[in-house]
Every structure is written in C-alpha cells, then in structure tokens.
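Data from work_3.txt: compact mmCIF, C-alpha atoms
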```
# COMPACT_ATOMS: atom_id res chain seq x y z
CA MET A 1 -118.70 167.40 120.40
CA ASP A 2 -118.23 165.57 123.71
CA PHE A 3 -114.69 164.20 124.11
CA ASP A 4 -115.20 162.83 127.64
CA LEU A 5 -114.48 159.14 128.10
CA GLU A 6 -117.41 156.78 128.40
CA GLU A 7 -118.24 155.26 131.78
CA ARG A 8 -116.79 151.89 130.78
CA HIS A 9 -113.54 153.59 129.81
CA GLN A 10 -113.40 155.38 133.16
CA ALA A 11 -113.90 152.04 134.93
CA TRP A 12 -111.16 150.48 132.83
CA LEU A 13 -108.75 153.31 133.72
CA ALA A 14 -109.53 152.81 137.42
CA GLU A 15 -108.68 149.10 137.07
CA VAL A 16 -105.41 149.87 135.30
CA ARG A 17 -104.41 152.48 137.88
CA ALA A 18 -105.09 150.05 140.73
CA PHE A 19 -102.94 147.43 138.99
CA VAL A 20 -100.07 149.87 138.44
CA SER A 21 -100.25 151.05 142.05
CA GLU A 22 -99.91 147.46 143.25
CA HIS A 23 -97.32 146.18 140.76
CA PHE A 24 -95.08 149.17 139.95
CA SER A 25 -93.50 151.11 142.82
CA ALA A 26 -91.61 154.41 142.89
CA ASP A 27 -88.38 152.39 143.10
CA ASP A 28 -89.43 150.44 140.00
CA ARG A 29 -90.02 153.73 138.17
CA ALA A 30 -86.58 155.00 139.14
CA ALA A 31 -84.94 151.74 138.03
CA THR A 32 -86.73 151.87 134.68
CA ARG A 33 -85.92 155.55 134.15
CA ARG A 34 -82.27 155.09 135.01
CA GLY A 35 -82.00 152.06 132.77
CA GLY A 36 -81.50 154.34 129.76
CA GLY A 37 -84.13 152.49 127.78
CA GLU A 38 -82.74 148.99 128.33
CA TRP A 39 -85.97 146.98 128.12
CA SER A 40 -84.51 143.68 129.29
CA GLY A 41 -83.76 144.44 132.95
CA PRO A 42 -85.25 142.43 135.84
CA THR A 43 -87.76 145.12 136.83
CA ILE A 44 -89.20 145.22 133.33
CA ARG A 45 -89.14 141.43 132.94
CA ARG A 46 -91.04 141.00 136.19
CA PHE A 47 -93.62 143.63 135.29
CA ARG A 48 -94.25 142.12 131.86
CA ALA A 49 -94.70 138.71 133.48
CA ASP A 50 -97.39 140.32 135.65
CA LEU A 51 -99.08 141.63 132.50
CA ALA A 52 -98.91 138.19 130.86
CA ALA A 53 -100.47 136.59 133.95
CA ARG A 54 -103.56 138.76 133.42
CA ASN A 55 -103.52 138.05 129.65
CA TRP A 56 -102.99 141.79 129.11
CA LEU A 57 -100.34 141.14 126.46
CA ALA A 58 -103.21 139.87 124.30
CA MET A 59 -105.55 142.66 125.22
CA THR A 60 -106.91 143.51 121.75
CA TRP A 61 -106.66 140.04 120.23
CA PRO A 62 -109.99 138.39 119.39
CA PRO A 63 -111.19 135.90 122.02
CA ALA A 64 -111.04 133.19 119.34
CA GLU A 65 -107.28 133.79 119.17
CA GLY A 66 -106.83 133.69 122.95
CA GLY A 67 -107.18 137.41 123.56
CA LEU A 68 -109.47 139.61 125.66
CA GLY A 69 -111.19 141.25 122.71
CA LYS A 70 -110.74 144.77 124.05
CA SER A 71 -110.83 147.71 121.68
CA MET A 72 -107.77 149.55 120.40
CA VAL A 73 -109.01 152.62 122.27
CA GLU A 74 -108.98 150.60 125.51
CA GLN A 75 -105.44 149.43 124.78
CA LEU A 76 -104.44 153.02 124.03
CA LEU A 77 -105.83 154.15 127.40
CA PHE A 78 -103.95 151.30 129.07
CA MET A 79 -100.62 152.07 127.38
CA ASP A 80 -101.05 155.78 128.04
CA GLU A 81 -101.59 155.09 131.73
CA LEU A 82 -98.50 152.89 131.92
CA ALA A 83 -96.45 155.59 130.19
CA TYR A 84 -97.73 158.15 132.68
CA ALA A 85 -96.55 155.90 135.51
CA GLY A 86 -93.17 155.35 133.84
CA ALA A 87 -93.92 151.64 133.53
CA PRO A 88 -92.99 149.47 130.53
CA ALA A 89 -95.95 148.88 128.25
CA ILE A 90 -96.92 146.08 125.89
CA ASP A 91 -94.11 145.85 123.34
CA MET A 92 -94.44 145.60 119.58
CA THR A 93 -94.45 141.80 119.66
CA ALA A 94 -97.92 141.69 121.20
CA SER A 95 -99.32 145.07 120.12
CA SER A 96 -98.16 145.12 116.49
CA ILE A 97 -96.68 141.87 115.20
CA ALA A 98 -99.27 139.57 116.80
CA LEU A 99 -102.11 141.67 115.38
CA THR A 100 -100.47 141.42 111.95
CA ILE A 101 -100.25 137.63 112.23
CA ILE A 102 -103.91 137.55 113.27
CA GLY A 103 -104.82 139.69 110.24
CA ILE A 104 -102.84 137.97 107.47
CA GLY A 105 -101.43 134.73 108.88
CA THR A 106 -102.64 131.26 108.00
CA PRO A 107 -104.44 129.18 110.67
CA GLU A 108 -101.26 127.15 111.09
CA GLN A 109 -99.14 130.27 111.57
CA LYS A 110 -101.55 131.70 114.14
CA ALA A 111 -101.64 128.40 116.04
CA ARG A 112 -97.84 128.28 116.06
CA TRP A 113 -96.96 131.83 117.15
CA LEU A 114 -99.82 133.45 119.05
CA GLY A 115 -99.72 131.23 122.15
CA PRO A 116 -96.01 131.81 122.87
CA ILE A 117 -96.42 135.56 122.25
CA ARG A 118 -99.41 135.73 124.60
CA ASP A 119 -97.43 133.94 127.33
CA GLY A 120 -94.36 136.14 126.86
CA ALA A 121 -92.20 133.24 125.68
CA VAL A 122 -91.58 134.77 122.23
CA GLU A 123 -90.35 138.34 121.73
CA PHE A 124 -89.56 139.82 118.35
CA ALA A 125 -86.92 142.27 117.22
CA VAL A 126 -88.04 144.00 114.03
CA GLY A 127 -85.63 143.54 111.12
CA TYR A 128 -86.52 146.20 108.56
CA SER A 129 -83.84 148.89 108.07
CA GLU A 130 -80.54 148.12 106.37
CA PRO A 131 -77.35 150.14 105.76
CA ASP A 132 -78.71 151.17 102.34
CA ALA A 133 -82.47 150.83 102.96
CA GLY A 134 -84.04 152.79 105.77
CA SER A 135 -86.79 155.23 104.95
CA ASP A 136 -86.95 153.77 101.44
CA LEU A 137 -87.54 150.31 102.85
CA ALA A 138 -88.70 148.82 99.56
CA THR A 139 -85.06 148.86 98.37
CA LEU A 140 -84.00 146.34 101.03
CA SER A 141 -81.50 143.75 99.81
CA THR A 142 -81.36 141.05 102.49
CA ARG A 143 -82.00 137.87 100.50
CA ALA A 144 -83.86 134.70 101.37
CA VAL A 145 -83.57 131.83 98.88
CA LEU A 146 -85.71 128.70 99.19
CA ASP A 147 -83.49 125.61 99.25
CA GLY A 148 -85.71 122.56 99.52
CA GLU A 149 -87.57 122.88 102.83
CA GLU A 150 -85.43 125.73 104.15
CA TRP A 151 -84.89 129.43 103.55
CA VAL A 152 -81.24 130.49 103.31
CA ILE A 153 -80.80 134.11 104.45
CA ASN A 154 -77.93 136.51 103.76
CA GLY A 155 -77.80 140.20 104.53
CA GLU A 156 -77.60 142.83 107.23
CA LYS A 157 -80.04 144.86 109.34
CA VAL A 158 -79.41 148.00 111.40
CA TRP A 159 -81.32 149.90 114.13
CA ASN A 160 -82.47 146.46 115.20
CA THR A 161 -83.64 147.26 118.72
CA GLY A 162 -84.00 144.29 121.05
CA ALA A 163 -81.95 141.80 119.03
CA GLU A 164 -79.61 141.31 122.00
CA TYR A 165 -82.38 139.86 124.19
CA CYS A 166 -85.36 138.96 121.98
CA SER A 167 -85.95 135.34 121.03
CA HIS A 168 -86.86 135.89 117.36
CA GLU A 169 -86.45 138.28 114.46
CA TRP A 170 -89.41 139.56 112.39
CA LEU A 171 -87.31 139.70 109.25
CA ALA A 172 -88.14 141.46 105.98
CA CYS A 173 -86.32 139.74 103.09
CA ARG A 174 -86.24 139.94 99.33
CA THR A 175 -87.46 136.61 97.99
CA ASP A 176 -87.88 137.65 94.33
CA PRO A 177 -85.03 139.92 93.15
CA GLU A 178 -86.64 140.33 89.71
CA ALA A 179 -89.87 141.83 91.04
CA PRO A 180 -90.54 145.60 91.40
CA PRO A 181 -89.30 147.13 94.69
CA HIS A 182 -92.56 146.76 96.65
CA ARG A 183 -93.12 143.25 95.33
CA GLY A 184 -91.01 140.19 95.94
CA ILE A 185 -90.57 140.87 99.67
CA SER A 186 -91.49 138.30 102.31
CA VAL A 187 -91.46 138.25 106.11
CA LEU A 188 -89.77 135.36 107.90
CA VAL A 189 -89.66 134.44 111.58
CA VAL A 190 -86.01 133.77 112.46
CA PRO A 191 -84.88 132.46 115.88
CA LEU A 192 -82.03 134.72 116.96
CA ASP A 193 -79.97 131.80 118.28
CA THR A 194 -79.77 130.29 114.76
CA PRO A 195 -76.18 129.67 113.56
CA GLY A 196 -74.89 132.39 111.23
CA ILE A 197 -76.41 135.37 113.10
CA THR A 198 -74.07 138.01 114.58
CA VAL A 199 -75.45 140.82 116.79
CA ARG A 200 -73.36 143.96 117.38
CA GLY A 201 -74.55 146.71 119.72
CA ILE A 202 -75.04 150.36 118.73
CA THR A 203 -75.53 152.87 121.57
CA THR A 204 -77.77 155.83 120.77
CA TRP A 205 -77.40 159.36 122.15
CA ARG A 206 -80.07 158.56 124.73
CA GLY A 207 -77.99 155.67 126.00
CA MET A 208 -80.45 153.16 124.60
CA ARG A 209 -79.00 150.18 122.80
CA THR A 210 -79.95 149.19 119.29
CA ASN A 211 -78.11 146.75 117.03
CA GLN A 212 -76.53 145.82 113.75
CA VAL A 213 -77.39 142.22 112.87
CA HIS A 214 -75.57 140.20 110.22
CA PHE A 215 -77.05 137.08 108.59
CA GLU A 216 -74.68 134.66 106.86
CA ASP A 217 -76.17 131.50 105.31
CA VAL A 218 -78.78 131.40 108.05
CA ARG A 219 -81.22 128.53 107.57
CA VAL A 220 -84.82 128.44 108.85
CA PRO A 221 -87.70 126.09 107.96
CA ALA A 222 -89.81 127.00 104.94
CA ASP A 223 -92.92 127.28 107.10
CA ASN A 224 -91.37 130.17 109.07
CA LEU A 225 -92.81 132.38 106.33
CA VAL A 226 -95.56 134.73 107.56
CA GLY A 227 -98.57 135.25 105.32
CA THR A 228 -97.84 134.33 101.71
CA ARG A 229 -94.66 134.37 99.69
CA HIS A 230 -93.71 137.73 98.09
CA ASP A 231 -96.55 139.50 99.96
CA GLY A 232 -94.39 140.82 102.81
CA TRP A 233 -94.97 144.49 102.03
CA ARG A 234 -98.56 144.14 103.23
CA ALA A 235 -97.34 142.60 106.50
CA ILE A 236 -94.72 145.33 106.98
CA THR A 237 -97.07 148.27 106.39
CA ARG A 238 -99.80 146.75 108.55
CA ALA A 239 -97.39 146.22 111.45
CA LEU A 240 -95.97 149.73 111.05
CA ASP A 241 -99.44 151.30 111.28
CA PHE A 242 -99.98 149.58 114.64
CA GLU A 243 -96.48 150.62 115.74
CA ARG A 244 -96.98 154.28 114.86
CA VAL A 245 -100.12 154.47 116.95
CA ALA A 246 -98.11 153.11 119.90
CA ILE A 247 -95.30 155.63 119.31
CA GLY A 248 -97.91 158.38 119.64
CA ILE A 249 -98.63 157.56 123.32
CA THR A 250 -98.65 160.80 125.35
CA GLY A 251 -98.74 159.58 128.96
CA GLY A 252 -95.05 160.17 129.65
CA LEU A 253 -95.23 163.63 128.11
CA ARG A 254 -98.31 164.52 130.16
CA ARG A 255 -96.57 163.57 133.40
CA ALA A 256 -93.43 165.52 132.48
CA PHE A 257 -95.58 168.55 131.59
CA GLU A 258 -97.57 168.40 134.83
CA GLU A 259 -94.38 168.17 136.86
CA LEU A 260 -92.88 171.08 134.90
CA VAL A 261 -95.94 173.24 135.63
CA ALA A 262 -95.76 172.34 139.32
CA HIS A 263 -92.06 173.22 139.37
CA CYS A 264 -92.72 176.59 137.75
CA ARG A 265 -95.40 177.38 140.31
CA ALA A 266 -93.22 176.40 143.26
CA THR A 267 -89.87 177.89 142.17
CA VAL A 268 -89.31 181.55 143.00
CA VAL A 269 -86.69 183.55 141.08
CA ASP A 270 -86.11 187.27 141.66
CA GLY A 271 -89.02 187.40 144.06
CA ARG A 272 -91.73 185.77 141.94
CA PRO A 273 -92.65 182.26 140.77
CA ILE A 274 -91.30 181.23 137.37
CA ALA A 275 -94.92 180.52 136.37
CA GLU A 276 -95.65 184.27 136.40
CA ARG A 277 -93.17 185.08 133.64
CA PRO A 278 -95.04 185.96 130.42
CA ASP A 279 -92.71 183.86 128.24
CA VAL A 280 -93.20 180.82 130.48
CA ILE A 281 -96.97 181.28 130.48
CA THR A 282 -96.95 181.36 126.67
CA ASP A 283 -94.71 178.30 126.33
CA LEU A 284 -96.68 176.20 128.83
CA THR A 285 -99.99 177.16 127.22
CA ARG A 286 -98.76 176.06 123.81
CA LEU A 287 -97.60 172.75 125.25
CA ALA A 288 -100.99 172.19 126.92
CA VAL A 289 -102.76 172.71 123.59
CA ASP A 290 -100.31 170.45 121.73
CA LEU A 291 -100.67 167.66 124.30
CA GLU A 292 -104.44 167.68 123.93
CA LEU A 293 -104.16 167.63 120.15
CA ALA A 294 -101.70 164.72 120.27
CA ARG A 295 -104.09 162.80 122.51
CA LEU A 296 -107.02 163.34 120.14
CA LEU A 297 -104.97 162.38 117.06
CA ASN A 298 -104.06 159.15 118.77
CA TYR A 299 -107.66 158.42 119.77
CA ARG A 300 -108.75 158.96 116.18
CA ALA A 301 -106.22 156.46 114.79
CA ALA A 302 -107.17 153.89 117.44
CA ALA A 303 -110.89 154.38 116.77
CA MET A 304 -110.30 153.81 113.05
CA ILE A 305 -108.64 150.47 113.79
CA ASP A 306 -111.63 149.52 115.97
CA ALA A 307 -113.89 150.38 113.03
CA GLY A 308 -112.00 147.97 110.77
CA LEU A 309 -110.14 150.71 108.91
CA VAL A 310 -106.40 150.95 108.28
CA PRO A 311 -105.18 154.39 109.46
CA HIS A 312 -102.24 154.82 107.08
CA ALA A 313 -102.26 158.63 107.02
CA GLU A 314 -103.79 159.04 110.48
CA ALA A 315 -101.18 156.84 112.19
CA SER A 316 -98.47 158.83 110.44
CA MET A 317 -100.06 162.07 111.63
CA THR A 318 -100.01 161.03 115.27
CA LYS A 319 -96.47 159.70 114.92
CA VAL A 320 -95.13 162.95 113.43
CA PHE A 321 -96.95 165.26 115.80
CA THR A 322 -96.23 163.38 119.02
CA THR A 323 -92.56 162.64 118.35
CA GLU A 324 -91.90 166.28 117.46
CA LEU A 325 -93.81 167.32 120.57
CA HIS A 326 -91.14 165.48 122.57
CA THR A 327 -88.60 167.95 121.21
CA ARG A 328 -90.77 170.99 121.92
CA LEU A 329 -91.50 169.91 125.49
CA ALA A 330 -87.86 169.04 126.19
CA ASP A 331 -86.67 172.35 124.71
CA THR A 332 -89.10 174.31 126.88
CA ALA A 333 -88.30 172.34 130.03
CA THR A 334 -84.51 172.53 129.71
CA ASP A 335 -84.78 176.26 128.95
CA VAL A 336 -86.98 176.96 131.98
CA LEU A 337 -84.88 174.78 134.30
CA GLY A 338 -81.61 176.38 133.24
CA LEU A 339 -78.29 174.57 133.56
CA GLU A 340 -79.72 172.12 136.11
CA GLY A 341 -82.14 170.92 133.43
CA GLN A 342 -79.18 169.24 131.72
CA LEU A 343 -78.62 166.86 134.63
CA ASP A 344 -79.46 163.23 133.89
CA PRO A 345 -81.59 160.74 135.90
CA TYR A 346 -78.50 159.39 137.69
CA ASP A 347 -77.89 162.77 139.39
CA ASP A 348 -79.84 163.10 142.63
CA GLY A 349 -79.90 166.86 142.17
CA ALA A 350 -81.58 166.76 138.79
CA PRO A 351 -84.89 168.66 138.74
CA LEU A 352 -87.90 166.58 137.71
CA ASP A 353 -85.74 163.45 138.18
CA GLY A 354 -83.75 164.30 135.05
CA VAL A 355 -86.68 163.41 132.80
CA PRO A 356 -86.47 166.56 130.59
CA GLN A 357 -82.87 165.76 129.70
CA LEU A 358 -83.80 162.16 128.99
CA ILE A 359 -86.68 163.25 126.73
CA TYR A 360 -84.34 165.67 124.94
CA ARG A 361 -81.84 162.91 124.15
CA ALA A 362 -84.57 160.43 123.15
CA ALA A 363 -86.37 162.80 120.78
CA PRO A 364 -84.16 162.33 117.67
CA TYR A 365 -84.46 158.54 117.95
CA LEU A 366 -88.26 158.79 118.09
CA ARG A 367 -88.38 160.97 114.99
CA PHE A 368 -86.81 158.25 112.85
CA GLY A 369 -87.96 155.13 114.74
CA GLY A 370 -90.93 153.50 113.01
CA GLY A 371 -90.18 155.44 109.80
CA THR A 372 -88.65 158.91 109.56
CA ASN A 373 -91.00 161.84 109.91
CA GLU A 374 -90.08 163.07 106.43
CA ILE A 375 -91.43 159.83 104.97
CA GLN A 376 -94.49 160.05 107.24
CA ARG A 377 -95.29 163.42 105.68
CA ASP A 378 -95.12 161.79 102.23
CA ILE A 379 -97.59 159.14 103.42
CA ILE A 380 -99.93 161.84 104.75
CA ALA A 381 -99.71 163.75 101.47
CA GLN A 382 -100.24 160.76 99.20
CA ARG A 383 -102.60 158.48 101.15
CA GLY A 384 -104.35 161.13 103.21
CA LEU A 385 -104.64 164.04 100.78
CA GLY A 386 -104.36 162.27 97.40
CA LEU A 387 -101.43 164.42 96.34
CA PRO A 388 -98.96 163.20 93.68
CA ARG A 389 -95.59 161.63 94.49
```
How would this structure read if it were set down as structure tokens?
Amino acid sequence: MDFDLEERHQAWLAEVRAFVSEHFSADDRAATRRGGGEWSGPTIRRFRADLAARNWLAMTWPPAEGGLGKSMVEQLLFMDELAYAGAPAIDMTASSIALTIIGIGTPEQKARWLGPIRDGAVEFAVGYSEPDAGSDLATLSTRAVLDGEEWVINGEKVWNTGAEYCSHEWLACRTDPEAPPHRGISVLVVPLDTPGITVRGITTWRGMRTNQVHFEDVRVPADNLVGTRHDGWRAITRALDFERVAIGITGGLRRAFEELVAHCRATVVDGRPIAERPDVITDLTRLAVDLELARLLNYRAAAMIDAGLVPHAEASMTKVFTTELHTRLADTATDVLGLEGQLDPYDDGAPLDGVPQLIYRAAPYLRFGGGTNEIQRDIIAQRGLGLPR
C-alpha cells in the first residue's frame, strides 16, 4: 500500500510551511514554549488573528456555512505542521465545537454562532467534567431548569481549560433529572461574563492553567440551547470524537524526536557519540516506529470523518496511543540527556530548549484530557470490537 501524500496534499503543506515561515518566528516559538501552555498571550492572539484573516479557522466547514470545505485530512496536515513549528493551532472552538453545531444545530443556531467563531470573536471553554463526574460523564449533576424564556443553571465544572479568557462556555447540563444517565442531558451556550459565574484557577504540573467554574442561578436565554432538548449526549460525543483526533497530532513529537536524534549524533561521551550506544539505538528505533504508527492512526480517523463516518473507536485509538507516546518519548529523552534533561524552557542551558522536560510534565494531563485513556480503552473494546461492558 502506498502511504505517500497526494500531490495536492504536498502543495497544501508547502503553502502552510510558507505561511508559518512568514507569520511565526523563532522568537514567537520561544515565547509560546515558555508560556507554559497559556493560550491567551499576545503572540498566540496575534497568530490566531492571522489564521482568521485567511479563513483558516473554518478550514473544514462546508462552503455553505462560510468555510473552505477542506478535508479533515488536510486540516490534520495543517495542524501537524503548526505543531511541528511550535505554533498554536486551531482550537477546539473551530475544530470541534463548530463542526458539532454544523452537524446537529438548527439553521438559526448555525446562523447565530458560526460567523463569530469563524472570525475569532467567540471562543469556547468546554464544560464537561465535574467534581463527581469526570470519566463517567453521564453522571453529571449540573442542572439547567427552564423558567419561562430562560434557563437557570446551578452546578460546578472542573478542568475547565480556557474559562479565564474564553468568551463562552459549551456547557453540558442535566435538563431532565428523571431520565436515565445518558438521557436528559442538554448543551447550552453560556457567556462567561454572565452574573453568577465564578472562575477559580487550577495550575497543573506542566504549569498550564485550567479552572474550576461555579454556576449559581445563572440565567441564559432559552434559545442558547444547542441541538434539541435532552439530546446533549449526541453533541458531547460528537465533539469529543473531533477533539480526540486533534489530541493525536504528532508534529510536536516528531520535531522533539528529530532534535533528540541530532543531539545523540553530535554529543560525544567517553570518546563516541551517544547515538552509537546499543541501548540508545534500540530506544530511538522504537520511537521512530511508534511515531509512524501514531501518524497513520490519526490519518485513518481523519479519513473516516471525510468519508462521513464517526470514528468512535478509531479516535480513541489515536488518542490513547499518541498521548502515551508523549510519555515514552519524554522518558527516553530525559534518560539520554541525563540531569540536564530536567532543565525547563526558561533555562538557557537546557538541551533541546527544555522541550523534553515540558513534554514529560504535560504527558499526564494529555492522558486524561478529552477523556481518560482507561475509558478510551472501554470505548475501543465496546464500539470497536463489540465486546461486552
């Protein structure tokens, strides 16, 4: 089987690389890397405005919805290239939530939300997990009660990344407490400046901020419902499938691996390059194989979306494999680099710009972000292999 990219894909990659070269400098990369994952800084804001100016935030949206109509594979190539450059990619608002609105939203909902998302005026934080409902999301208890022409919301969300700077919350609520766990859930769009919302920061091991968000008698218009009432589980799972494909991007890992190989070739210890040690050869070879497998798993999930399929199991496969590959690559790199491999991106003496240490600290977050890997394995078993619960 021929896995080479088609000519049109090669041309698309050349266009993306030219754009990145012009709009994202080495200083921008350093600022982004040293930001500890804070996605609201001026460098990132400016770069995303550049993307919006080319309508690249709406890359895979249908032309009828104001998008470019590109394939999910083309978006994957684009996001992979940005990750390789260390540049911020399209966030979940445009790559996941907007596609969900396009798929299940009413014409009125699409007309209301897609334009502001495409222009970068609306950004969503995703309100799923709660103190007592994370991997078992169907047990969520945040309530939304319809009072005339308004929803009244009470509850709490955690691991709510972006709530400190996003304009809106994509909020999963229980709207029918008598229904079975996967029923009676709805998704509401909630402006984060609405009275009754309190945002408290949580700093992860990586240094990246996420949040705990409390909702107390928060009122939003009835037409802020997405899709249909009590059918929110379909919206949640659809958005998560798109998100898990994005989590599987390998560009950043590929760059870190290439720089690690170059370091091993150039660094001489006890009279010979590190790259000549048998244990290093074995470890680097395994990583090379795993990176190629991760890339192909991601291409498969993207190709399924392009074919009109929903890659429940396949998106979970790429999410599990790629996030755990972060750990394997970081373990290998920090071992090969020795004590200096523990230096962070703020230390000018850090080998490979401190990226291995940053990947090491980010890896646990990635394994539970977008749904824990343990739950992903259940999805693969049940939806992919037809095994019992």
Nearest to Val220 (chain A), restricted to only C-alpha atoms and choosing among A:Val73, A:Val320, A:Leu192, A:Leu296, comes out as A:Leu192
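Look at everything within 10 Å of (-84.8, 147.3, 101.7) using all atoms listed in the file, and the residues you get are Tyr128, Ser129, Glu130, Pro131, Asp132, Ala133, Gly134, Ser135, Asp136, Leu137, Ala138, Thr139, Leu140, Ser141, Thr142, Arg143, Lys157, Ala172, Cys173, Arg174, Pro181, His182 and Ile185 of chain A.
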Preceding selection exported with C-alpha atoms as a PDB file, in the coordinates of the input:
```
ATOM      1  CA  TYR A 128     -86.520 146.200 108.560  1.00  0.00           C
ATOM      2  CA  SER A 129     -83.840 148.890 108.070  1.00  0.00           C
ATOM      3  CA  GLU A 130     -80.540 148.120 106.370  1.00  0.00           C
ATOM      4  CA  PRO A 131     -77.350 150.140 105.760  1.00  0.00           C
ATOM      5  CA  ASP A 132     -78.710 151.170 102.340  1.00  0.00           C
ATOM      6  CA  ALA A 133     -82.470 150.830 102.960  1.00  0.00           C
ATOM      7  CA  GLY A 134     -84.040 152.790 105.770  1.00  0.00           C
ATOM      8  CA  SER A 135     -86.790 155.230 104.950  1.00  0.00           C
ATOM      9  CA  ASP A 136     -86.950 153.770 101.440  1.00  0.00           C
ATOM     10  CA  LEU A 137     -87.540 150.310 102.850  1.00  0.00           C
ATOM     11  CA  ALA A 138     -88.700 148.820  99.560  1.00  0.00           C
ATOM     12  CA  THR A 139     -85.060 148.860  98.370  1.00  0.00           C
ATOM     13  CA  LEU A 140     -84.000 146.340 101.030  1.00  0.00           C
ATOM     14  CA  SER A 141     -81.500 143.750  99.810  1.00  0.00           C
ATOM     15  CA  THR A 142     -81.360 141.050 102.490  1.00  0.00           C
ATOM     16  CA  ARG A 143     -82.000 137.870 100.500  1.00  0.00           C
ATOM     17  CA  LYS A 157     -80.040 144.860 109.340  1.00  0.00           C
ATOM     18  CA  ALA A 172     -88.140 141.460 105.980  1.00  0.00           C
ATOM     19  CA  CYS A 173     -86.320 139.740 103.090  1.00  0.00           C
ATOM     20  CA  ARG A 174     -86.240 139.940  99.330  1.00  0.00           C
ATOM     21  CA  PRO A 181     -89.300 147.130  94.690  1.00  0.00           C
ATOM     22  CA  HIS A 182     -92.560 146.760  96.650  1.00  0.00           C
ATOM     23  CA  ILE A 185     -90.570 140.870  99.670  1.00  0.00           C
TER      24      ILE A 185
END
```
Got a sec: who's within 10 Å of Ala363 (chain A), counting all atoms listed in the file, leaving out chain neighbours fewer than 6 positions off, as a list in words?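 With the cut-off at 10 Å, the set is Trp205, Arg206, Thr323, Glu324, Leu325, His326, Thr327, Arg328, Leu329, Ala330 and Gly369 of chain A.
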With only C-alpha atoms as the counted atoms, please give the residues lying no more than 12 Å from Arg112 (chain A), apart from itself and same-chain residues fewer than 3 positions off, as an mmCIF file with C-alpha atoms, keeping the file's coordinate frame.
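That gives us selection-v3.cif:
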```
data_model
loop_
_atom_site.group_PDB
_atom_site.id
_atom_site.type_symbol
_atom_site.label_atom_id
_atom_site.label_comp_id
_atom_site.auth_asym_id
_atom_site.auth_seq_id
_atom_site.Cartn_x
_atom_site.Cartn_y
_atom_site.Cartn_z
ATOM 1 C CA GLU A 65 -107.280 133.790 119.170
ATOM 2 C CA ALA A 98 -99.270 139.570 116.800
ATOM 3 C CA ILE A 101 -100.250 137.630 112.230
ATOM 4 C CA ILE A 102 -103.910 137.550 113.270
ATOM 5 C CA GLY A 105 -101.430 134.730 108.880
ATOM 6 C CA THR A 106 -102.640 131.260 108.000
ATOM 7 C CA PRO A 107 -104.440 129.180 110.670
ATOM 8 C CA GLU A 108 -101.260 127.150 111.090
ATOM 9 C CA GLN A 109 -99.140 130.270 111.570
ATOM 10 C CA GLY A 115 -99.720 131.230 122.150
ATOM 11 C CA PRO A 116 -96.010 131.810 122.870
ATOM 12 C CA ILE A 117 -96.420 135.560 122.250
ATOM 13 C CA ARG A 118 -99.410 135.730 124.600
ATOM 14 C CA VAL A 122 -91.580 134.770 122.230
ATOM 15 C CA VAL A 189 -89.660 134.440 111.580
ATOM 16 C CA ASP A 223 -92.920 127.280 107.100
ATOM 17 C CA ASN A 224 -91.370 130.170 109.070
ATOM 18 C CA LEU A 225 -92.810 132.380 106.330
ATOM 19 C CA VAL A 226 -95.560 134.730 107.560
#
```
For region 284-288 of chain A, please output as a ChimeraX atom specification all residues within 9 Å (counting only C-alpha atoms; exclusion window: fewer than 5 positions along the same chain). /A:254,257,260-261,275,279,293,325,328-329,332
Between A:Ala333, A:Val268, A:Leu99, A:Leu82, smallest distance to Ala58 (chain A) by only C-alpha atoms belongs to A:Leu99
Which residue is closest to Gly251 (chain A)? Choose from A:Thr203, A:Thr194, A:Thr322, A:Thr228 and count only C-alpha atoms.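 Closest to Gly251 (chain A), using only C-alpha atoms: A:Thr322.
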Interatomic distance between CA of Leu358 (chain A) and CA of Tyr346 (chain A)?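 CA of Leu358 (chain A) sits 10.6 Å away from CA of Tyr346 (chain A).
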Would you work out the distance separating CA of Glu169 (chain A) from CA of Val190 (chain A), expressed in Å to one decimal? 5.0 Å
Which residues come within 8 Å of Leu13 (chain A), counting all atoms listed in the file, excluding same-chain residues fewer than 2 positions away, as an MDAnalysis selection string? chainID A and resid 9:11 15:17 77:78 81
Shortest interatomic distance to Ile274 (chain A) - which of A:Met317, A:Ala30, A:Leu337, A:Val218, counting all atoms listed in the file: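 Of A:Met317, A:Ala30, A:Leu337, A:Val218, the one nearest Ile274 (chain A), counting all atoms listed in the file, is A:Leu337.
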Figure out the distance between CA of Thr32 (chain A) and CA of Pro88 (chain A), please, to one decimal in Å.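 Distance reported for this atom pair: 7.9 Å.
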Using only C-alpha atoms, which residues sit within 7 Å of region 229-241 of chain A once same-chain residues fewer than 3 positions away are excluded, as JSON, numbers by chain? {"A": [96, 97, 100, 175, 176, 182, 183, 184, 185, 186, 187, 244, 245, 311, 312, 315, 370]}
